[in-house]
Amino acid sequence: MLATNHPLSHSAQSPLIQLNNINLSFNGNPILQGINLNLNKGEIVTVIGPNGAGKSSLVSIIVGLQTPTSGDIQRKAKLRIGYMPQKLTIDPQLPLTTQRFLSLCGKSAALKTAVQRLDIECLLETPVQKLSGGEMQRVLLARALMSKPELLVLDEPAQGVDVAGQAELYHLLGQLRDELGCCVLMVSHDLHIVMAQTDQVLCLNKHVCCHGAPESVSQHPEYLQLFGKKAAEDIAIYTHNHDHQHDIHGDVVEPGQHNCQHDHSIHKH
Amino acid sequence: MLATNHPLSHSAQSPLIQLNNINLSFNGNPILQGINLNLNKGEIVTVIGPNGAGKSSLVSIIVGLQTPTSGDIQRKAKLRIGYMPQKLTIDPQLPLTTQRFLSLCGKSAALKTAVQRLDIECLLETPVQKLSGGEMQRVLLARALMSKPELLVLDEPAQGVDVAGQAELYHLLGQLRDELGCCVLMVSHDLHIVMAQTDQVLCLNKHVCCHGAPESVSQHPEYLQLFGKKAAEDIAIYTHNHDHQHDIHGDVVEPGQHNCQHDHSIHKH
Amino acid sequence: GSDKALNPFAPKPTVVATIKPLALLAQSIAGEDFTVVTLLPPNANPHALAMTIADRQRLDDASLVLWLGAGFERFLAKPMQQRRGAQLELGSLEGLNWPAKSPADLHLWLDPHNIAQALKAITVELTLIEPLNRNVLDQRLASALRELAQREQAIQRELDAFKNVPFAVSHDGYAHFVGAFGLNQLAAATRLPEEQLSARRMYELQKSLAEASCLVVEPGDHSGVKLAKVLGVPAVEVDPLGRAPEITSITTLLQSLTTGFKHCFNPRNRS
Amino acid sequence: MPDFLINALLAAFAIAAVAGPLGSFVVWQRLAYFGDTLAHGALLGVALGLFASINVTLAIVLCCMTLAGLLFLLQQKPSLGDDALLGLLSHSALAAGLVSVSLMGSSVDLFAYLFGDLLTTSRNDAYLIIAVCGAVLGLITVFWRKLLLMVIDADIAKVEGIPVNLMRILLLMAIAIVVAFAMRVVGVLLITAMLIVPAAASRRLTTSPEAMAAGAAIIGAGAVAAGMWASFYYNTPAGPSIVLAASGLFLLTLLKRRQ
Amino acid sequence: MPDFLINALLAAFAIAAVAGPLGSFVVWQRLAYFGDTLAHGALLGVALGLFASINVTLAIVLCCMTLAGLLFLLQQKPSLGDDALLGLLSHSALAAGLVSVSLMGSSVDLFAYLFGDLLTTSRNDAYLIIAVCGAVLGLITVFWRKLLLMVIDADIAKVEGIPVNLMRILLLMAIAIVVAFAMRVVGVLLITAMLIVPAAASRRLTTSPEAMAAGAAIIGAGAVAAGMWASFYYNTPAGPSIVLAASGLFLLTLLKRRQ
Ligand SMILES: Nc1ncnc2c1ncn2[C@@H]1O[C@H](COP(=O)(O)OP(=O)(O)OP(=O)(O)O)[C@@H](O)[C@H]1O
Ligand SMILES: Nc1ncnc2c1ncn2[C@@H]1O[C@H](COP(=O)(O)OP(=O)(O)OP(=O)(O)O)[C@@H](O)[C@H]1O
Ligand SMILES: [Mg+2]
Ligand SMILES: [Mg+2]
Ligand SMILES: [Zn+2]
């Protein structure tokens, strides 16, 4: 194992997926730099980070949609992945009810369970293209579940889901991990929930800022730089008290260059 | 004025937009029922409600994209509306940098201000289609600002925006209201911020459950039914303690029919 | 003016004929005194030709353009409208024979009478271009007409025996020949190669062609061959354009048509 | 019934049957232009076939499959829409065909190849069409689920282990083969129209992909019957009459208000 | 230079100039099929024009504008993609044209009307083309910003007070008119290809809509020059040579790796 000094690689069994020194760049712009990551059974791993940090790109690499510019990926043989992309647009010319959409990827028994779990019985007859933003997220999650994945990858699953739904969604992810013993990898901006429901947090900003259990991450200096001290303490955003230290966070872009990752310096106080 | 008994119609000046008894249905399914709403200068009005409640539909009606099935809308003459839709897909065949995209709708001075405000200088050369989810939201907001709108309408503006960005976004909306004296109407699922930053809250679930100042709304029985008692108290979602009262909230769909609005009964406890 | 400058190696005036039969007509009068050029490649479709710049230049350089009419060489309709130099549109000559059944058919070089008219008109035009050669041209005309008359009689004799043998054609390009020699054409499947058949027409064709000896098709007319197969009559290729290289005069072209039709009429001649 | 009518109906019904499902994919994947592109490619195929003196049908099939391959390759560069790519290929193929005909002083009227005629279908032609259509229909049925998942979202399908690229090329090749074979027998207009029009009509009536495909096949068959009847009754050309009948059926579906 | 060459170049450059911006919109709005549809519609126009004995050019223009209007109306029902709608219209128009010719027993070969030839352009034709192209170019320039906002997102544009439907119909009509007039003069192939191919090539080189439109016009003009030269040098037909030259330029842009 190359990444032996990696806090996420603590598990004894061989990991589902192992990323070694992954780099990705578009047209010479580095998007991801030197990422090492192991995903193990039964873990919930959350990727957090500012907009444009490369979270979706990392997810694409993990599920195999994007080829990294350099680096090495090892997947368990015949790994079953359930994937829920950040956004999905289905051609309106395809007549497709939610029921049929779901039934395409599994048996009717699995469908029934998933539908009940996510409480979407009443959407079954709706054309998928007509679902509202949050409804679509639920359906996509149901779909990802049906295939009984070993690795469930979700890119901002709670986006557009209503307050109550969010809580249940995260609750559900925890249940699933316990039942299926699968690994859940998700991207989220919702620090509250992340900290409460996650086993491992990966704080990303092109490179891996810090990773580990939520408690340890929330004490990490780079985390504090990215999200502000106060946020780390009470994770209450609206009382967020700005700490101007974070304007240059230890980013590994070309040194000397202004780092342009929206270090939330909008409100100049 | 028809809606005199309406708590939002308190302002002395004539409202920017006045909705009277708006109904909307698709193929006979009621989506919105009997909505009355006045929007006044200098107000921040937030629409909350579960997925599929018709929030986006209401916004479409207000900006004039959707014609209601019945009801009456009165707009101030020559009302300048800034609009930021829930999602936007731009044809990848259109070569368009963010700079050019913004410059299409205003003078370069306005552009400069908006760009600085939202801290998106470094995105100016990126093709708009390549922006990450949260970056796009910032750019769209900048765009909506540039036209110096009298009414700024945002459908889930914080969707996909990172933690720090969210706080600043709401902060910025408050500033704008003060500076431009415009009315801000937004849809949001983020009860924390909504309660902290909003003048008026409209809780929607096909019909208007309740409306008024955040404090009053958060005591309203229908609100409690929709979002749970605990949420109203500390607005902390992950500690949400389920109250099964909400399974039938006073919805005006055909009586006797099971109400299918995902009353977050996913985790059957 | 500039035409000569672009084409300094052509001391002789040129006659541009659109298709080979017209070139043969022109050649029999022009002899060595003119350069006769055929515009269309041997087998191009006159209905949908895309000209090259050289083609276009040849048109402009020509002392005389010989063509049939806008209904045949459609690509020439506009250039001929604008043309200031001499042109001879054979389709608009006076005193032509037109077949009763398809009065607009422009394959008019298949009728000896029309050939004679055309030869006379060509002689007039060429004389206008080279007045000094009047005598030579007149002599060539006279001998051409003589040869034509002889050939016409010979063909008449050859075809007499088959006057009543019924046959059909795939597309209506032989009407002038059929009319001139009194042949028994039952039907033409279509007026134009691109035209598609209706089920009714097909049904009628099948009934009326029951006793037809063959279906005459042009070389390369695959739809005609297929049609013959479906109708259950043999297809016989007859080439009204005289594409074969051994056809070097209008009389040999008429003779080859005769041979072709005899193949149709006489089952022993068919393989 | 006269033989020619039986042959024509056999061929037309076979085409309607396969054009239903195949055309549904054409509509979903926005490949409506593909038929025309293939027709133009056929022109080039004829020219090259004559040049290389190989069987013309073979040359057409090869050329159409090459076009399908080219489209697949160009689709990998996502900066252009499918319709623009197809337009590009279509016009380039047509221009190349015209130029090579002109350079070779070719001896065939290429346009004749494009205007096959349904009514001159021979029994052997009909059998050929039935065989090709049957084979393609079988292929589509076997891979239906995978094709559908690809249509819904290529990314998700890929993650779930579906060979998306293989499915895509399969679909393009299936269309290319059906069009190439059917074109010479029944004409370009009929085959390309049968791909689009019944599927478009069926879209408005159905709520599942399978129903849309089957509905398109049925509407296509209905159009064949109605068009043939009209061709007999009103003495109109058979192929265009069938196409008009299909368009008429589409217009009827516009009356349906819902959805 | 001979007169016919001057006329041809005048017409071709005018078409390249307007086809650049117009073609960019065609690519952005996924209307690549529209040119072919209009060509087929022209066939119907000729048939109806002969039937009603009105001027054929007028009949073609009217028919093309009707098709543009129909497309606009059908676009309002969003359940079908633009390409399928265009395919539907295209095939229906062609079939209707063929049937009406057959019913009228008309004596003209309609296809002839579709095969204009660049080299037969008269001076008056060239002036007509220049006038039409100039007018359309002017219109596009005047409404450029509004058209662009419509392309980016029709909803936002509508909210910001841009008459989206008007812009959409303006665009469709502009294309219809340019194609209808240019078609009879320079041929269908040339005008429809010039709309798509240079715009597609320009897309790969530029980073702003204006640059793409201007680049497309320049690439089109380059293709005209190169194609004419090739037509002279290799003795190939002029129209197809220009189209092939444009395709060649597109292939060159594929070499550019970035973006
Ligand atoms: N195909 C591409 N070409 C060029 N740049 C790209 C491409 N895809 C992504 N990027 C850039 O890479 C960066 C990371 O994008 P990514 O979508 O991974 O961010 P993210 O962390 O998911 O952000 P968000 O929280 O907003 O979803 C962004 O700056 C984006 O502009
Ligand atoms: N064009 C349409 N045809 C049929 N039903 C529709 C249409 N548009 C919306 N709906 C339905 O109307 C309901 C309300 O949709 P809307 O998008 O307004 O919800 P929302 O409150 O914005 O939800 P979310 O929070 O998920 O964005 C949904 O159930 C949706 O399925
Ligand atoms: Mg992302
Ligand atoms: Mg919404
Ligand atoms: Zn509950």
# chains A, B, ... in the order shown; residues from 1 in each chain; ligands from 1
$ closest_atom_pairs --of "chain E" --to "chain D" --cutoff "7 Å" --atoms "only C-alpha atoms" --output "CSV"
residue,atom,partner,partner_atom,distance
E:Val27,CA,D:Ala84,CA,5.9
E:Arg30,CA,D:Asp83,CA,6.2
E:Ala32,CA,D:Ala84,CA,5.5
E:Tyr33,CA,D:Tyr33,CA,6.5
E:Asp83,CA,D:Ala32,CA,5.7
E:Ala84,CA,D:Ala32,CA,5.5
E:Gly87,CA,D:Ala32,CA,6.0
E:Leu88,CA,D:Val197,CA,5.6
E:His91,CA,D:Ala193,CA,5.8
E:Ser92,CA,D:Leu244,CA,6.0
E:Ala95,CA,D:Pro240,CA,4.4
E:Ala96,CA,D:Leu244,CA,6.6
E:Leu98,CA,D:Pro240,CA,6.5
E:Val99,CA,D:Thr236,CA,5.9
E:Ser102,CA,D:Thr236,CA,6.2
E:Leu103,CA,D:Thr236,CA,6.4
E:Leu189,CA,D:His91,CA,7.0
E:Ala193,CA,D:His91,CA,5.8
E:Ile196,CA,D:Ala84,CA,6.5
E:Val197,CA,D:Leu88,CA,5.6
E:Ala200,CA,D:Ala84,CA,6.9
E:Thr236,CA,D:Val99,CA,5.9
E:Pro237,CA,D:Val99,CA,6.4
E:Pro240,CA,D:Ala95,CA,4.4
E:Ser241,CA,D:Val99,CA,6.9
E:Val243,CA,D:Ala95,CA,6.3
E:Leu244,CA,D:Ser92,CA,5.9
E:Ser247,CA,D:Ser92,CA,6.2
$ residues_near_ligand --ligand "ligand 3" --cutoff "12 Å" --atoms "only C-alpha atoms and all ligand atoms" --output "count of residues only"
40
$ interface_residues --of "chain C" --to "chain D" --cutoff "7 Å" --atoms "only C-alpha atoms" --output "list of chain:residue names"
C:Pro41, C:Asn43, C:Ala44, C:Asn45, C:Glu194, C:Gln196, C:Leu197, C:Ser198, C:Ala199, C:Arg200, C:Arg201, C:Gly220, C:Ser223, C:Lys226, C:Leu227, C:Val230
$ residues_around --residues "E:Ile60" --least-positions-apart "3" --cutoff "8 Å" --atoms "only C-alpha atoms" --output "list in words"
Gly41, Ala42, Leu43, Leu44, Gly45, Val46, Gly49, Val56, Thr57, Cys63, Cys64 and Ala180 of chain E
$ write_last_selection --atoms "N, CA, C and O atoms" --output "mmCIF file, in the first residue's frame"
data_model
loop_
_atom_site.group_PDB
_atom_site.id
_atom_site.type_symbol
_atom_site.label_atom_id
_atom_site.label_comp_id
_atom_site.auth_asym_id
_atom_site.auth_seq_id
_atom_site.Cartn_x
_atom_site.Cartn_y
_atom_site.Cartn_z
ATOM 1 N N GLY E 41 -39.121 22.184 -48.937
ATOM 2 C CA GLY E 41 -40.307 23.025 -49.005
ATOM 3 C C GLY E 41 -40.381 23.757 -50.335
ATOM 4 O O GLY E 41 -41.466 23.970 -50.886
ATOM 5 N N ALA E 42 -39.210 24.105 -50.852
ATOM 6 C CA ALA E 42 -39.172 24.813 -52.126
ATOM 7 C C ALA E 42 -39.806 23.991 -53.235
ATOM 8 O O ALA E 42 -40.505 24.501 -54.103
ATOM 9 N N LEU E 43 -39.570 22.687 -53.160
ATOM 10 C CA LEU E 43 -40.152 21.776 -54.140
ATOM 11 C C LEU E 43 -41.665 21.918 -54.142
ATOM 12 O O LEU E 43 -42.303 22.049 -55.196
ATOM 13 N N LEU E 44 -42.217 21.894 -52.934
ATOM 14 C CA LEU E 44 -43.665 22.067 -52.804
ATOM 15 C C LEU E 44 -44.063 23.429 -53.342
ATOM 16 O O LEU E 44 -45.081 23.577 -54.032
ATOM 17 N N GLY E 45 -43.234 24.436 -53.032
ATOM 18 C CA GLY E 45 -43.520 25.790 -53.507
ATOM 19 C C GLY E 45 -43.609 25.845 -55.015
ATOM 20 O O GLY E 45 -44.532 26.453 -55.579
ATOM 21 N N VAL E 46 -42.675 25.193 -55.689
ATOM 22 C CA VAL E 46 -42.698 25.190 -57.145
ATOM 23 C C VAL E 46 -43.991 24.562 -57.646
ATOM 24 O O VAL E 46 -44.674 25.110 -58.518
ATOM 25 N N GLY E 49 -46.817 26.835 -56.919
ATOM 26 C CA GLY E 49 -46.699 28.027 -57.751
ATOM 27 C C GLY E 49 -47.175 27.761 -59.166
ATOM 28 O O GLY E 49 -47.912 28.569 -59.760
ATOM 29 N N VAL E 56 -42.734 31.750 -59.679
ATOM 30 C CA VAL E 56 -42.194 30.605 -58.957
ATOM 31 C C VAL E 56 -41.308 31.037 -57.787
ATOM 32 O O VAL E 56 -41.385 30.470 -56.695
ATOM 33 N N THR E 57 -40.464 32.057 -57.992
ATOM 34 C CA THR E 57 -39.614 32.520 -56.894
ATOM 35 C C THR E 57 -40.478 32.973 -55.720
ATOM 36 O O THR E 57 -40.215 32.643 -54.564
ATOM 37 N N CYS E 63 -43.513 29.678 -49.546
ATOM 38 C CA CYS E 63 -43.535 28.335 -48.980
ATOM 39 C C CYS E 63 -42.485 28.203 -47.872
ATOM 40 O O CYS E 63 -42.756 27.608 -46.819
ATOM 41 N N CYS E 64 -41.301 28.762 -48.102
ATOM 42 C CA CYS E 64 -40.255 28.696 -47.088
ATOM 43 C C CYS E 64 -40.672 29.453 -45.836
ATOM 44 O O CYS E 64 -40.438 29.000 -44.707
ATOM 45 N N ALA E 180 -34.206 30.749 -49.417
ATOM 46 C CA ALA E 180 -35.129 30.729 -50.559
ATOM 47 C C ALA E 180 -34.563 31.508 -51.742
ATOM 48 O O ALA E 180 -34.640 31.057 -52.887
#
$ residues_around --residues "stretch 8-23 of chain C" --least-positions-apart "2" --cutoff "8 Å" --atoms "only C-alpha atoms" --output "ChimeraX atom specification"
/C:4-6,25-27,33-40,42,58-59,61-67,73,109,241-243,250,253
$ interface_residues --of "chain A" --to "chain E" --cutoff "8 Å" --atoms "only C-alpha atoms" --output "PyMOL selection string"
chain A and resi 27+92-93
$ select_by_dssp --residues "stretch 110-242 of chain C" --states "strand (DSSP E or B)" --output "list of chain:residue names"
C:Pro166, C:Phe167, C:Ala168, C:Val169, C:Ser170, C:His171, C:Asn184, C:Gln185, C:Leu186, C:Ala187, C:Ala188, C:Ala189, C:Thr190, C:Ser198, C:Leu215, C:Val216, C:Val217, C:Ala235, C:Val236, C:Glu237
$ write_last_selection --atoms "all heavy atoms" --output "short mmCIF file (atom, residue, chain, number, x, y, z; two decimals), in the first residue's frame"
data_model
loop_
_atom_site.label_atom_id
_atom_site.label_comp_id
_atom_site.auth_asym_id
_atom_site.auth_seq_id
_atom_site.Cartn_x
_atom_site.Cartn_y
_atom_site.Cartn_z
N PRO C 166 -46.17 -5.15 -79.97
CA PRO C 166 -46.31 -4.18 -78.86
C PRO C 166 -45.10 -4.21 -77.93
O PRO C 166 -44.50 -5.26 -77.71
CB PRO C 166 -47.55 -4.68 -78.13
CG PRO C 166 -47.62 -6.13 -78.43
CD PRO C 166 -46.96 -6.37 -79.76
N PHE C 167 -44.76 -3.05 -77.40
CA PHE C 167 -43.67 -2.96 -76.43
C PHE C 167 -43.94 -1.74 -75.55
O PHE C 167 -44.85 -0.96 -75.81
CB PHE C 167 -42.32 -2.80 -77.15
CG PHE C 167 -42.16 -1.47 -77.83
CD1 PHE C 167 -41.46 -0.43 -77.22
CD2 PHE C 167 -42.73 -1.25 -79.07
CE1 PHE C 167 -41.33 0.80 -77.84
CE2 PHE C 167 -42.60 -0.02 -79.69
CZ PHE C 167 -41.91 1.01 -79.08
N ALA C 168 -43.12 -1.61 -74.50
CA ALA C 168 -43.27 -0.45 -73.61
C ALA C 168 -41.90 0.14 -73.33
O ALA C 168 -40.88 -0.51 -73.55
CB ALA C 168 -43.93 -0.86 -72.31
N VAL C 169 -41.88 1.36 -72.88
CA VAL C 169 -40.62 1.99 -72.53
C VAL C 169 -40.65 2.40 -71.07
O VAL C 169 -41.71 2.69 -70.52
CB VAL C 169 -40.31 3.23 -73.40
CG1 VAL C 169 -40.22 2.83 -74.86
CG2 VAL C 169 -41.34 4.31 -73.18
N SER C 170 -39.46 2.41 -70.46
CA SER C 170 -39.39 2.75 -69.05
C SER C 170 -39.60 4.23 -68.85
O SER C 170 -40.41 4.65 -68.05
CB SER C 170 -38.02 2.33 -68.51
OG SER C 170 -37.75 3.02 -67.32
N HIS C 171 -38.85 5.04 -69.59
CA HIS C 171 -39.19 6.45 -69.51
C HIS C 171 -39.21 7.08 -70.90
O HIS C 171 -38.51 6.66 -71.80
CB HIS C 171 -38.35 7.17 -68.45
CG HIS C 171 -37.27 8.05 -68.96
ND1 HIS C 171 -35.95 7.68 -68.95
CD2 HIS C 171 -37.31 9.29 -69.49
CE1 HIS C 171 -35.23 8.65 -69.45
NE2 HIS C 171 -36.02 9.65 -69.78
N ASN C 184 -45.32 0.36 -82.36
CA ASN C 184 -46.50 0.16 -81.52
C ASN C 184 -46.13 0.24 -80.03
O ASN C 184 -46.08 -0.77 -79.35
CB ASN C 184 -47.13 -1.20 -81.86
CG ASN C 184 -48.39 -1.44 -81.04
OD1 ASN C 184 -48.95 -0.53 -80.45
ND2 ASN C 184 -48.82 -2.68 -81.02
N GLN C 185 -45.90 1.46 -79.55
CA GLN C 185 -45.56 1.62 -78.14
C GLN C 185 -46.82 1.60 -77.30
O GLN C 185 -47.70 2.44 -77.48
CB GLN C 185 -44.78 2.92 -77.93
CG GLN C 185 -44.43 3.17 -76.48
CD GLN C 185 -43.67 4.47 -76.29
OE1 GLN C 185 -42.87 4.87 -77.14
NE2 GLN C 185 -43.91 5.14 -75.19
N LEU C 186 -46.91 0.65 -76.36
CA LEU C 186 -48.11 0.54 -75.55
C LEU C 186 -48.16 1.62 -74.48
O LEU C 186 -49.20 2.24 -74.26
CB LEU C 186 -48.14 -0.82 -74.85
CG LEU C 186 -48.46 -2.03 -75.72
CD1 LEU C 186 -48.35 -3.29 -74.89
CD2 LEU C 186 -49.84 -1.89 -76.32
N ALA C 187 -47.05 1.80 -73.80
CA ALA C 187 -47.08 2.73 -72.66
C ALA C 187 -45.67 3.13 -72.29
O ALA C 187 -44.70 2.44 -72.60
CB ALA C 187 -47.74 2.06 -71.46
N ALA C 188 -45.59 4.25 -71.65
CA ALA C 188 -44.34 4.65 -71.00
C ALA C 188 -44.61 4.65 -69.51
O ALA C 188 -45.60 5.22 -69.06
CB ALA C 188 -43.92 6.04 -71.46
N ALA C 189 -43.71 4.00 -68.75
CA ALA C 189 -43.97 3.88 -67.31
C ALA C 189 -43.97 5.25 -66.65
O ALA C 189 -44.86 5.59 -65.89
CB ALA C 189 -42.94 2.97 -66.66
N THR C 190 -42.95 6.02 -66.93
CA THR C 190 -42.88 7.35 -66.32
C THR C 190 -42.41 8.34 -67.38
O THR C 190 -41.78 7.96 -68.37
CB THR C 190 -41.88 7.40 -65.16
OG1 THR C 190 -40.61 6.98 -65.64
CG2 THR C 190 -42.30 6.53 -64.01
N SER C 198 -47.37 5.23 -59.02
CA SER C 198 -48.47 5.00 -58.08
C SER C 198 -48.89 3.54 -58.20
O SER C 198 -48.62 2.88 -59.20
CB SER C 198 -49.65 5.90 -58.40
OG SER C 198 -50.35 5.41 -59.51
N LEU C 215 -39.56 -4.29 -72.32
CA LEU C 215 -39.54 -2.92 -71.79
C LEU C 215 -38.21 -2.31 -72.22
O LEU C 215 -37.15 -2.85 -71.90
CB LEU C 215 -39.66 -2.94 -70.27
CG LEU C 215 -39.75 -1.56 -69.62
CD1 LEU C 215 -41.14 -0.98 -69.80
CD2 LEU C 215 -39.41 -1.64 -68.14
N VAL C 216 -38.29 -1.21 -72.97
CA VAL C 216 -37.07 -0.58 -73.44
C VAL C 216 -36.54 0.37 -72.35
O VAL C 216 -37.29 1.20 -71.84
CB VAL C 216 -37.35 0.21 -74.73
CG1 VAL C 216 -36.09 0.95 -75.19
CG2 VAL C 216 -37.83 -0.74 -75.81
N VAL C 217 -35.28 0.19 -71.99
CA VAL C 217 -34.70 1.05 -70.95
C VAL C 217 -33.42 1.67 -71.48
O VAL C 217 -32.77 1.14 -72.37
CB VAL C 217 -34.38 0.26 -69.67
CG1 VAL C 217 -35.63 -0.36 -69.09
CG2 VAL C 217 -33.33 -0.79 -69.94
N ALA C 235 -36.18 -6.71 -70.17
CA ALA C 235 -35.71 -5.34 -70.36
C ALA C 235 -34.67 -5.34 -71.47
O ALA C 235 -33.80 -6.21 -71.51
CB ALA C 235 -35.10 -4.81 -69.08
N VAL C 236 -34.78 -4.40 -72.38
CA VAL C 236 -33.80 -4.30 -73.47
C VAL C 236 -33.22 -2.90 -73.46
O VAL C 236 -33.97 -1.91 -73.43
CB VAL C 236 -34.45 -4.60 -74.84
CG1 VAL C 236 -33.50 -4.26 -75.96
CG2 VAL C 236 -34.86 -6.05 -74.89
N GLU C 237 -31.91 -2.82 -73.44
CA GLU C 237 -31.25 -1.52 -73.40
C GLU C 237 -31.18 -0.90 -74.78
O GLU C 237 -30.67 -1.51 -75.72
CB GLU C 237 -29.83 -1.69 -72.85
CG GLU C 237 -29.71 -1.35 -71.40
CD GLU C 237 -28.28 -1.39 -70.92
OE1 GLU C 237 -27.36 -1.28 -71.75
OE2 GLU C 237 -28.09 -1.52 -69.69
#
$ atom_distance --atom1 "atom CA of D:Ala59" --atom2 "atom CA of D:Phe181"
11.0 Å
$ select_by_dssp --residues "stretch 23-201 of chain A" --states "helix (DSSP H, G or I)" --output "NGL selection string"
:A and (55-63 or 98-103 or 108-118 or 121-123 or 128-130 or 133-146 or 163-180 or 191-197)
$ closest_residue --among "B:Ser103, B:Thr126, B:Asn21, B:Gln74" --to "chain A" --atoms "only C-alpha atoms"
B:Thr126
$ residues_around --residues "stretch 170-175 of chain B" --least-positions-apart "5" --cutoff "10 Å" --atoms "only C-alpha atoms" --output "list of chain:residue names"
A:Tyr238, A:Ile266, A:His267, B:Gly42, B:Glu43, B:Ile44, B:Arg117, B:Leu118, B:Leu141, B:Leu145, B:Leu152, B:Pro157, B:Ala158, B:Gly165, B:Leu180, B:Gly181, B:Cys182, B:Cys183, B:Val184, B:Met186, B:Ile193, B:Val194, B:Ala196, B:Gln197, B:Thr198, B:Asp199
$ closest_residue --among "A:Arg143, A:His220, A:Arg177, A:Arg138" --to "ligand 2" --atoms "only C-alpha atoms and all ligand atoms"
A:Arg138
$ atom_distance --atom1 "atom CA of E:Ala216" --atom2 "atom CA of E:Ala16"
8.1 Å
$ residues_around --residues "E:Ile152" --least-positions-apart "5" --cutoff "9 Å" --atoms "only C-alpha atoms" --output "PyMOL selection string"
(chain B and resi 89-91+94+101) or (chain E and resi 147+157)
$ atom_distance --atom1 "atom CA of E:Leu128" --atom2 "atom CA of E:Ala11"
8.8 Å
